[in-house]
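Listing of structure_36.cif, mmCIF, C-alpha atoms
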```
data_model
#
loop_
_atom_site.group_PDB
_atom_site.id
_atom_site.type_symbol
_atom_site.label_atom_id
_atom_site.label_comp_id
_atom_site.auth_asym_id
_atom_site.auth_seq_id
_atom_site.Cartn_x
_atom_site.Cartn_y
_atom_site.Cartn_z
ATOM 1 C CA TYR A 1 32.828 -20.995 5.192
ATOM 2 C CA ARG A 2 29.891 -20.384 7.499
ATOM 3 C CA GLY A 3 32.158 -18.860 10.154
ATOM 4 C CA GLU A 4 33.468 -16.397 7.582
ATOM 5 C CA GLY A 5 29.976 -15.497 6.393
ATOM 6 C CA GLN A 6 30.431 -17.245 3.034
ATOM 7 C CA TYR A 7 27.014 -18.823 3.143
ATOM 8 C CA ARG A 8 26.756 -19.783 -0.505
ATOM 9 C CA SER A 9 30.060 -21.658 -0.342
ATOM 10 C CA ALA A 10 28.926 -23.367 2.862
ATOM 11 C CA LEU A 11 25.663 -24.524 1.299
ATOM 12 C CA GLU A 12 27.319 -25.637 -1.938
ATOM 13 C CA THR A 13 29.918 -27.644 -0.014
ATOM 14 C CA LEU A 14 27.259 -29.379 2.058
ATOM 15 C CA GLU A 15 25.193 -30.008 -1.066
ATOM 16 C CA GLN A 16 28.190 -31.665 -2.733
ATOM 17 C CA ALA A 17 28.880 -33.745 0.375
ATOM 18 C CA ALA A 18 25.293 -34.950 0.494
ATOM 19 C CA ALA A 19 25.442 -35.941 -3.185
ATOM 20 C CA ASN A 20 28.764 -37.762 -2.843
ATOM 21 C CA LEU A 21 27.725 -39.566 0.324
ATOM 22 C CA SER A 22 24.216 -40.475 -0.739
ATOM 23 C CA GLN A 23 22.451 -43.247 1.170
ATOM 24 C CA THR A 24 24.686 -42.703 4.210
ATOM 25 C CA PRO A 25 24.088 -41.111 7.634
ATOM 26 C CA GLN A 26 26.598 -38.403 6.715
ATOM 27 C CA ALA A 27 24.432 -37.362 3.752
ATOM 28 C CA ALA A 28 21.422 -36.926 6.004
ATOM 29 C CA ARG A 29 23.490 -34.875 8.445
ATOM 30 C CA ALA A 30 24.804 -32.673 5.638
ATOM 31 C CA THR A 31 21.269 -32.029 4.393
ATOM 32 C CA GLU A 32 20.068 -31.192 7.898
ATOM 33 C CA ARG A 33 22.981 -28.783 8.332
ATOM 34 C CA MET A 34 21.966 -27.066 5.080
ATOM 35 C CA ARG A 35 18.471 -26.546 6.479
ATOM 36 C CA GLU A 36 19.912 -25.070 9.667
ATOM 37 C CA ILE A 37 22.124 -22.628 7.770
ATOM 38 C CA PHE A 38 19.261 -21.693 5.434
ATOM 39 C CA GLN A 39 17.028 -20.826 8.387
ATOM 40 C CA GLU A 40 19.880 -19.005 10.087
ATOM 41 C CA LEU A 41 20.128 -16.879 6.965
ATOM 42 C CA PHE A 42 16.501 -16.032 6.354
ATOM 43 C CA LEU A 43 14.890 -16.362 9.769
ATOM 44 C CA GLY A 44 17.818 -15.675 12.078
ATOM 45 C CA GLY A 45 18.727 -12.397 10.393
ATOM 46 C CA ALA A 46 22.063 -13.374 8.836
ATOM 47 C CA ALA A 47 20.807 -12.443 5.350
ATOM 48 C CA ASP A 48 19.847 -8.946 6.514
ATOM 49 C CA SER A 49 23.399 -7.740 5.909
ATOM 50 C CA MET A 50 23.352 -9.016 2.322
ATOM 51 C CA PRO A 51 22.205 -6.871 -0.592
ATOM 52 C CA PRO A 52 18.563 -7.865 -1.231
ATOM 53 C CA VAL A 53 19.293 -9.091 -4.775
ATOM 54 C CA LYS A 54 22.072 -11.356 -3.489
ATOM 55 C CA ALA A 55 19.820 -12.681 -0.726
ATOM 56 C CA LEU A 56 17.077 -13.375 -3.282
ATOM 57 C CA ALA A 57 19.483 -15.223 -5.593
ATOM 58 C CA LEU A 58 20.652 -17.384 -2.687
ATOM 59 C CA TYR A 59 17.064 -18.128 -1.722
ATOM 60 C CA GLU A 60 16.095 -19.096 -5.267
ATOM 61 C CA ASP A 61 19.104 -21.418 -5.673
ATOM 62 C CA PHE A 62 18.276 -23.253 -2.434
ATOM 63 C CA ARG A 63 14.535 -22.694 -2.120
ATOM 64 C CA GLU A 64 13.926 -26.421 -1.608
ATOM 65 C CA LEU A 65 15.310 -25.858 1.908
ATOM 66 C CA THR A 66 12.374 -23.596 2.784
ATOM 67 C CA PRO A 67 10.776 -25.095 5.896
ATOM 68 C CA PRO A 68 7.137 -26.149 5.764
ATOM 69 C CA GLY A 69 4.311 -24.397 7.541
ATOM 70 C CA GLU A 70 4.442 -21.090 9.380
ATOM 71 C CA LYS A 71 8.237 -20.878 9.451
ATOM 72 C CA GLY A 72 8.412 -21.060 5.677
ATOM 73 C CA ASN A 73 5.649 -18.508 5.275
ATOM 74 C CA ASP A 74 7.456 -16.100 7.599
ATOM 75 C CA LEU A 75 10.717 -16.617 5.727
ATOM 76 C CA ILE A 76 9.188 -15.754 2.358
ATOM 77 C CA ALA A 77 7.276 -12.795 3.795
ATOM 78 C CA LYS A 78 10.430 -11.300 5.344
ATOM 79 C CA LEU A 79 12.372 -11.673 2.107
ATOM 80 C CA ALA A 80 9.536 -10.064 0.141
ATOM 81 C CA ASP A 81 9.531 -7.188 2.626
ATOM 82 C CA ARG A 82 13.203 -6.480 1.981
ATOM 83 C CA LEU A 83 12.569 -6.456 -1.758
ATOM 84 C CA VAL A 84 9.697 -3.976 -1.331
ATOM 85 C CA ASP A 85 11.983 -1.732 0.745
ATOM 86 C CA VAL A 86 14.379 -1.367 -2.206
ATOM 87 C CA ASP A 87 11.576 -1.146 -4.803
ATOM 88 C CA LEU A 88 12.215 -4.566 -6.320
ATOM 89 C CA LEU A 89 8.460 -4.868 -6.556
ATOM 90 C CA GLY A 90 8.252 -7.414 -9.359
ATOM 91 C CA ARG A 91 10.563 -9.798 -7.498
ATOM 92 C CA ALA A 92 8.598 -9.351 -4.272
ATOM 93 C CA ALA A 93 5.326 -9.986 -6.101
ATOM 94 C CA ALA A 94 6.665 -13.211 -7.618
ATOM 95 C CA LEU A 95 7.528 -14.548 -4.151
ATOM 96 C CA LEU A 96 4.115 -13.726 -2.691
ATOM 97 C CA ASP A 97 2.296 -15.012 -5.769
ATOM 98 C CA GLY A 98 3.832 -18.434 -5.153
ATOM 99 C CA GLN A 99 2.696 -18.305 -1.546
ATOM 100 C CA VAL A 100 -0.889 -17.427 -2.476
ATOM 101 C CA ARG A 101 -1.136 -20.095 -5.164
ATOM 102 C CA ASN A 102 0.713 -22.937 -3.479
ATOM 103 C CA ARG A 103 1.237 -22.556 0.269
ATOM 104 C CA LEU A 104 -1.537 -20.643 1.992
ATOM 105 C CA SER A 105 -5.221 -21.005 2.774
ATOM 106 C CA GLY A 106 -7.933 -19.212 4.709
ATOM 107 C CA LYS A 107 -7.203 -15.876 6.362
ATOM 108 C CA ALA A 108 -3.450 -16.133 5.690
ATOM 109 C CA LYS A 109 -4.119 -16.538 1.970
ATOM 110 C CA ALA A 110 -6.472 -13.551 1.915
ATOM 111 C CA ALA A 111 -4.051 -11.375 3.894
ATOM 112 C CA THR A 112 -1.057 -12.234 1.709
ATOM 113 C CA GLY A 113 -3.166 -11.779 -1.431
ATOM 114 C CA THR A 114 -4.071 -8.317 -0.179
ATOM 115 C CA ARG A 115 -0.429 -7.494 0.314
ATOM 116 C CA LEU A 116 0.360 -8.890 -3.150
ATOM 117 C CA ALA A 117 -2.330 -6.679 -4.691
ATOM 118 C CA SER A 118 -0.839 -3.661 -2.911
ATOM 119 C CA ILE A 119 2.597 -4.431 -4.354
ATOM 120 C CA HIS A 120 1.147 -4.778 -7.857
ATOM 121 C CA LEU A 121 -0.522 -1.372 -7.472
ATOM 122 C CA LEU A 122 2.756 0.170 -6.324
ATOM 123 C CA ASN A 123 4.308 -1.403 -9.409
ATOM 124 C CA ARG A 124 1.637 0.213 -11.608
ATOM 125 C CA SER A 125 0.031 -3.099 -12.525
ATOM 126 C CA PRO A 126 -3.636 -2.626 -11.539
ATOM 127 C CA GLU A 127 -4.957 -5.599 -13.532
ATOM 128 C CA LYS A 128 -2.499 -7.873 -11.726
ATOM 129 C CA ALA A 129 -3.736 -6.376 -8.465
ATOM 130 C CA VAL A 130 -7.322 -7.303 -9.346
ATOM 131 C CA ASN A 131 -6.179 -10.829 -10.223
ATOM 132 C CA ALA A 132 -4.277 -11.143 -6.928
ATOM 133 C CA LEU A 133 -7.465 -10.392 -5.046
ATOM 134 C CA GLU A 134 -9.369 -12.922 -7.140
ATOM 135 C CA ILE A 135 -6.958 -15.809 -6.568
ATOM 136 C CA SER A 136 -6.728 -15.085 -2.831
ATOM 137 C CA ARG A 137 -10.450 -15.303 -2.085
ATOM 138 C CA ALA A 138 -11.134 -17.214 1.106
ATOM 139 C CA ASP A 139 -13.975 -17.975 3.479
ATOM 140 C CA ASN A 140 -14.354 -16.567 6.980
ATOM 141 C CA VAL A 141 -12.222 -13.482 6.331
ATOM 142 C CA PRO A 142 -12.387 -10.959 9.223
ATOM 143 C CA PRO A 143 -14.532 -7.877 8.505
ATOM 144 C CA ASP A 144 -11.594 -5.431 8.605
ATOM 145 C CA LEU A 145 -9.613 -7.450 6.079
ATOM 146 C CA ARG A 146 -12.674 -7.954 3.897
ATOM 147 C CA ARG A 147 -13.282 -4.186 3.848
ATOM 148 C CA LYS A 148 -9.621 -3.513 3.041
ATOM 149 C CA ARG A 149 -9.751 -5.970 0.139
ATOM 150 C CA ARG A 150 -12.856 -4.304 -1.294
ATOM 151 C CA GLN A 151 -11.263 -0.870 -1.048
ATOM 152 C CA LEU A 152 -8.094 -2.146 -2.682
ATOM 153 C CA ARG A 153 -10.167 -3.689 -5.468
ATOM 154 C CA ALA A 154 -11.824 -0.314 -6.019
ATOM 155 C CA ARG A 155 -8.394 1.345 -6.194
ATOM 156 C CA ALA A 156 -7.158 -1.215 -8.694
ATOM 157 C CA LEU A 157 -10.233 -0.884 -10.914
ATOM 158 C CA LEU A 158 -9.871 2.899 -10.868
ATOM 159 C CA LYS A 159 -6.198 2.653 -11.815
ATOM 160 C CA ALA A 160 -7.157 0.228 -14.581
ATOM 161 C CA GLY A 161 -9.403 2.888 -16.109
ATOM 162 C CA ARG A 162 -12.731 1.473 -14.909
ATOM 163 C CA PRO A 163 -14.094 4.163 -12.578
ATOM 164 C CA ASN A 164 -17.728 3.052 -12.795
ATOM 165 C CA ALA A 165 -16.793 -0.502 -11.807
ATOM 166 C CA ALA A 166 -14.609 0.904 -9.026
ATOM 167 C CA LEU A 167 -17.653 2.232 -7.170
ATOM 168 C CA ALA A 168 -19.325 -1.178 -6.816
ATOM 169 C CA PRO A 169 -16.959 -2.686 -4.188
ATOM 170 C CA LEU A 170 -17.633 0.339 -1.952
ATOM 171 C CA THR A 171 -21.376 -0.269 -1.701
ATOM 172 C CA GLY A 172 -22.444 -0.043 1.933
ATOM 173 C CA ASP A 173 -18.980 1.011 3.147
ATOM 174 C CA THR A 174 -19.305 4.098 5.358
ATOM 175 C CA SER A 175 -15.692 4.232 6.552
ATOM 176 C CA ALA A 176 -13.596 7.363 6.118
ATOM 177 C CA GLU A 177 -11.361 5.571 3.618
ATOM 178 C CA ALA A 178 -14.393 4.660 1.501
ATOM 179 C CA HIS A 179 -15.568 8.283 1.448
ATOM 180 C CA ARG A 180 -12.065 9.428 0.418
ATOM 181 C CA LEU A 181 -11.988 6.794 -2.287
ATOM 182 C CA ARG A 182 -15.421 7.713 -3.640
ATOM 183 C CA ALA A 183 -14.293 11.341 -3.793
ATOM 184 C CA LYS A 184 -11.198 10.299 -5.746
ATOM 185 C CA ILE A 185 -13.257 8.216 -8.178
ATOM 186 C CA HIS A 186 -15.767 11.023 -8.778
ATOM 187 C CA ALA A 187 -12.929 13.543 -9.182
ATOM 188 C CA ASP A 188 -11.203 11.341 -11.755
ATOM 189 C CA LYS A 189 -14.507 11.113 -13.624
ATOM 190 C CA GLY A 190 -14.814 14.906 -13.505
ATOM 191 C CA ASP A 191 -17.952 14.748 -11.368
ATOM 192 C CA TRP A 192 -16.791 17.299 -8.819
ATOM 193 C CA SER A 193 -20.253 17.810 -7.365
ATOM 194 C CA LYS A 194 -20.373 14.180 -6.191
ATOM 195 C CA ALA A 195 -16.776 14.491 -5.022
ATOM 196 C CA THR A 196 -17.800 17.337 -2.718
ATOM 197 C CA ASP A 197 -20.664 15.217 -1.345
ATOM 198 C CA SER A 198 -18.200 12.484 -0.358
ATOM 199 C CA LEU A 199 -15.629 14.894 1.060
ATOM 200 C CA ALA A 200 -18.293 16.639 3.137
ATOM 201 C CA LYS A 201 -18.583 13.472 5.229
ATOM 202 C CA LEU A 202 -14.920 13.849 6.204
ATOM 203 C CA LEU A 203 -14.974 17.486 7.302
ATOM 204 C CA PRO A 204 -13.883 18.111 10.899
ATOM 205 C CA ASP A 205 -15.938 19.824 13.562
ATOM 206 C CA LYS A 206 -15.461 23.549 13.859
ATOM 207 C CA PRO A 207 -12.885 24.250 16.605
ATOM 208 C CA GLU A 208 -14.204 25.926 19.714
ATOM 209 C CA GLY A 209 -12.802 29.163 21.116
ATOM 210 C CA GLY A 210 -10.941 30.215 17.977
ATOM 211 C CA GLU A 211 -8.511 27.312 18.056
ATOM 212 C CA ALA A 212 -6.577 26.371 14.940
ATOM 213 C CA LEU A 213 -7.294 23.215 12.989
ATOM 214 C CA SER A 214 -4.773 20.398 13.097
ATOM 215 C CA PRO A 215 -2.720 19.927 9.894
ATOM 216 C CA GLU A 216 -4.742 16.817 9.033
ATOM 217 C CA ALA A 217 -8.060 18.603 9.576
ATOM 218 C CA ALA A 218 -6.864 21.621 7.572
ATOM 219 C CA ASP A 219 -6.032 19.336 4.642
ATOM 220 C CA LYS A 220 -9.560 17.903 4.725
ATOM 221 C CA VAL A 221 -11.064 21.383 4.579
ATOM 222 C CA LEU A 222 -8.704 22.372 1.770
ATOM 223 C CA ARG A 223 -9.605 19.278 -0.256
ATOM 224 C CA GLN A 224 -13.226 20.295 -0.021
ATOM 225 C CA ALA A 225 -12.338 23.828 -1.148
ATOM 226 C CA VAL A 226 -10.501 22.405 -4.162
ATOM 227 C CA ALA A 227 -13.427 20.166 -5.095
ATOM 228 C CA MET A 228 -15.935 23.002 -4.689
ATOM 229 C CA THR A 229 -13.783 25.281 -6.827
ATOM 230 C CA MET A 230 -13.651 22.652 -9.563
ATOM 231 C CA ALA A 231 -17.441 22.204 -9.237
ATOM 232 C CA ASP A 232 -17.940 25.985 -9.498
ATOM 233 C CA ASP A 233 -19.875 25.849 -6.222
ATOM 234 C CA SER A 234 -19.629 29.473 -5.082
ATOM 235 C CA ARG A 235 -22.339 29.055 -2.457
ATOM 236 C CA GLY A 236 -20.588 26.052 -0.933
ATOM 237 C CA LEU A 237 -17.277 27.922 -0.891
ATOM 238 C CA ARG A 238 -18.873 30.850 0.895
ATOM 239 C CA GLN A 239 -20.338 28.551 3.538
ATOM 240 C CA LEU A 240 -17.024 26.773 3.906
ATOM 241 C CA ARG A 241 -15.265 30.111 4.451
ATOM 242 C CA GLU A 242 -17.822 31.239 7.016
ATOM 243 C CA HIS A 243 -17.537 27.971 8.938
ATOM 244 C CA TYR A 244 -13.773 27.390 8.837
ATOM 245 C CA GLY A 245 -12.255 30.724 7.837
ATOM 246 C CA GLU A 246 -11.035 31.727 11.312
ATOM 247 C CA ALA A 247 -9.618 28.297 12.101
ATOM 248 C CA MET A 248 -7.950 27.930 8.677
ATOM 249 C CA ALA A 249 -6.357 31.380 8.984
ATOM 250 C CA GLN A 250 -4.053 29.964 11.662
ATOM 251 C CA THR A 251 -2.770 27.062 9.544
ATOM 252 C CA LYS A 252 -0.165 26.616 6.822
ATOM 253 C CA ARG A 253 -3.014 26.259 4.331
ATOM 254 C CA ALA A 254 -4.332 29.753 5.119
ATOM 255 C CA ASP A 255 -3.270 31.533 1.913
ATOM 256 C CA THR A 256 -4.473 28.785 -0.408
ATOM 257 C CA PHE A 257 -7.791 28.457 1.430
ATOM 258 C CA ARG A 258 -8.339 32.226 1.361
ATOM 259 C CA MET A 259 -7.623 32.328 -2.372
ATOM 260 C CA LEU A 260 -9.972 29.445 -3.176
ATOM 261 C CA THR A 261 -12.859 30.725 -1.056
ATOM 262 C CA SER A 262 -12.555 34.426 -1.861
ATOM 263 C CA ASP A 263 -15.500 36.195 -3.515
ATOM 264 C CA ASP A 264 -12.967 38.100 -5.640
ATOM 265 C CA THR A 265 -12.617 36.121 -8.872
ATOM 266 C CA SER A 266 -11.114 38.985 -10.853
ATOM 267 C CA ASP A 267 -7.935 37.014 -11.381
ATOM 268 C CA PRO A 268 -8.862 33.470 -12.401
ATOM 269 C CA GLY A 269 -5.254 32.827 -13.387
ATOM 270 C CA GLN A 270 -4.236 33.276 -9.777
ATOM 271 C CA VAL A 271 -6.839 30.728 -8.678
ATOM 272 C CA ASN A 272 -5.564 28.291 -11.304
ATOM 273 C CA ASP A 273 -2.032 28.781 -10.013
ATOM 274 C CA GLN A 274 -3.216 27.946 -6.514
ATOM 275 C CA LEU A 275 -5.004 24.834 -7.755
ATOM 276 C CA ALA A 276 -1.873 23.710 -9.581
ATOM 277 C CA GLN A 277 0.117 24.232 -6.406
ATOM 278 C CA VAL A 278 -2.368 22.127 -4.449
ATOM 279 C CA GLN A 279 -2.224 19.324 -6.997
ATOM 280 C CA ARG A 280 1.578 19.341 -7.064
ATOM 281 C CA ALA A 281 1.607 19.045 -3.308
ATOM 282 C CA ARG A 282 -0.724 15.999 -3.554
ATOM 283 C CA THR A 283 -3.082 17.760 -1.150
ATOM 284 C CA PHE A 284 -6.148 16.309 -2.813
ATOM 285 C CA VAL A 285 -4.724 12.843 -3.371
ATOM 286 C CA ASP A 286 -5.580 11.585 0.155
ATOM 287 C CA GLY A 287 -2.244 10.037 1.105
ATOM 288 C CA PHE A 288 -2.917 6.886 -0.910
ATOM 289 C CA LEU A 289 0.672 6.128 -1.928
ATOM 290 C CA SER A 290 1.892 6.339 1.647
ATOM 291 C CA ASP A 291 -0.941 4.107 2.861
ATOM 292 C CA LEU A 292 -0.312 1.639 0.056
ATOM 293 C CA ARG A 293 3.396 1.298 0.829
ATOM 294 C CA GLN A 294 2.564 0.632 4.486
ATOM 295 C CA GLN A 295 0.076 -2.009 3.432
ATOM 296 C CA ALA A 296 2.628 -3.632 1.136
ATOM 297 C CA SER A 297 5.165 -3.890 3.957
ATOM 298 C CA LEU A 298 5.469 -6.745 6.389
ATOM 299 C CA GLY A 299 4.136 -4.743 9.301
ATOM 300 C CA GLU A 300 0.658 -4.303 7.838
#
```
Please re-express this file's structure in structure tokens.
Amino acid sequence: YRGEGQYRSALETLEQAAANLSQTPQAARATERMREIFQELFLGGAADSMPPVKALALYEDFRELTPPGEKGNDLIAKLADRLVDVDLLGRAAALLDGQVRNRLSGKAKAATGTRLASIHLLNRSPEKAVNALEISRADNVPPDLRRKRRQLRARALLKAGRPNAALAPLTGDTSAEAHRLRAKIHADKGDWSKATDSLAKLLPDKPEGGEALSPEAADKVLRQAVAMTMADDSRGLRQLREHYGEAMAQTKRADTFRMLTSDDTSDPGQVNDQLAQVQRARTFVDGFLSDLRQQASLGE
């Protein structure tokens, strides 16, 4: 069975042999062979060719064969990663939840809890994300991971409809991600003036010698133009145009930036159309979904 890739039949046959030959050396050998095949499946890569749902079902039926320690943790993490890849987020979360509650401690618990919270957010379950961060608290967490957990908590609280509470975890955080997140929170609250204050800290330097802005830098400038437009900050828009107009004119965002920063407001409908276009393109939404999926994956 194993030679033909029929792993379930192989495991079931060995399981039956162990039961029928209990209290004998053959039973112990059959059980050990089951462990070897199980690890071959989930650590050696044999299960990679299986559909993820089939691999999960096989794991759940024989989960008692999961090795202890780091090997077992790696096995579960790899299986959860495959489930995330095919958007079986609830199944992936259930696997990692068991790890956080029953198997892990210290930094590993905090890191896996962070990943679990990310999966819950992808699955549109912000309250579960907050809970995942709570149950995975640990001492001596590295500063980078601690900052990531606070930012994720802020995201979850915002998604849960608690924008005021979402600001608290960001206290003292001066990272670029924290400024982007504060801008998002203020924008969701409709406080566009504070959103522009946060986005201003992310603006790039003005290119020298008439060079164009990079696509990433152009998006930062455009986000500020959107926020200033929503805040009705005509003075700020004029200064933004004077500072970045030449550099933005050479980017793919040129037309939208020119429309948003123009002194000609005779056609507000046209401005609204441009804003709608920006929102549809997720220009203002700071790449959060992409970042979150990376964080939920095994590589993060």
Measuring between all atoms listed in the file, which one of A:Leu170, A:Ala187, A:Val221, A:Ala19 shows the shortest distance to A:Pro204?
A:Val221
Run the PyMOL selection byres ((chain A and resi 252-263) around 8) mentally over the shown coordinates, then write out the matched residues as number ranges by chain, using the chain letters and numbers from the document.
A: 215, 218-219, 222, 225-226, 229, 234, 237-238, 240-241, 245, 248-251, 264-265, 271, 274
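Residue nearest A:Arg149, chosen from A:Pro126, A:Gly236, A:Pro207, A:Gly113 and counting all atoms listed in the file: A:Gly113.
Applied to the file shown here, the PyMOL selection byres ((chain A and resi 120) around 10) selects Leu89, Gly90, Ala92, Ala93, Thr114, Arg115, Leu116, Ala117, Ser118, Ile119, Leu121, Leu122, Asn123, Arg124, Ser125, Pro126, Glu127, Lys128, Ala129, Val130, Asn131, Ala132, Ala156 and Ala296 of chain A.
Coordinates place atom CA of A:Leu152 at a distance of 22.2 Å from atom CA of A:Lys78.
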What separates atom CA of A:Leu157 and atom CA of A:His186 is a distance of 13.3 Å
Running the PyMOL selection byres ((chain A and resi 171) around 12) on this model by hand, what would come out? Give it as a PyMOL selection string.
chain A and resi 147+150-151+154+165-170+172-175+178-179+181-182
Of the candidates A:Leu83, A:Ala27, A:Ala247, A:Ala231, which shows the shortest atom-to-atom distance to A:Ser214, using all atoms listed in the file?
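Nearest candidate to A:Ser214 out of A:Leu83, A:Ala27, A:Ala247, A:Ala231: A:Ala247.
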Find the residues around stretch 45-49 of chain A up to 9 Å (only C-alpha atoms counted), leave out those fewer than 6 positions away in its own chain, and share them as a PyMOL selection string.
chain A and resi 5+39+55+82
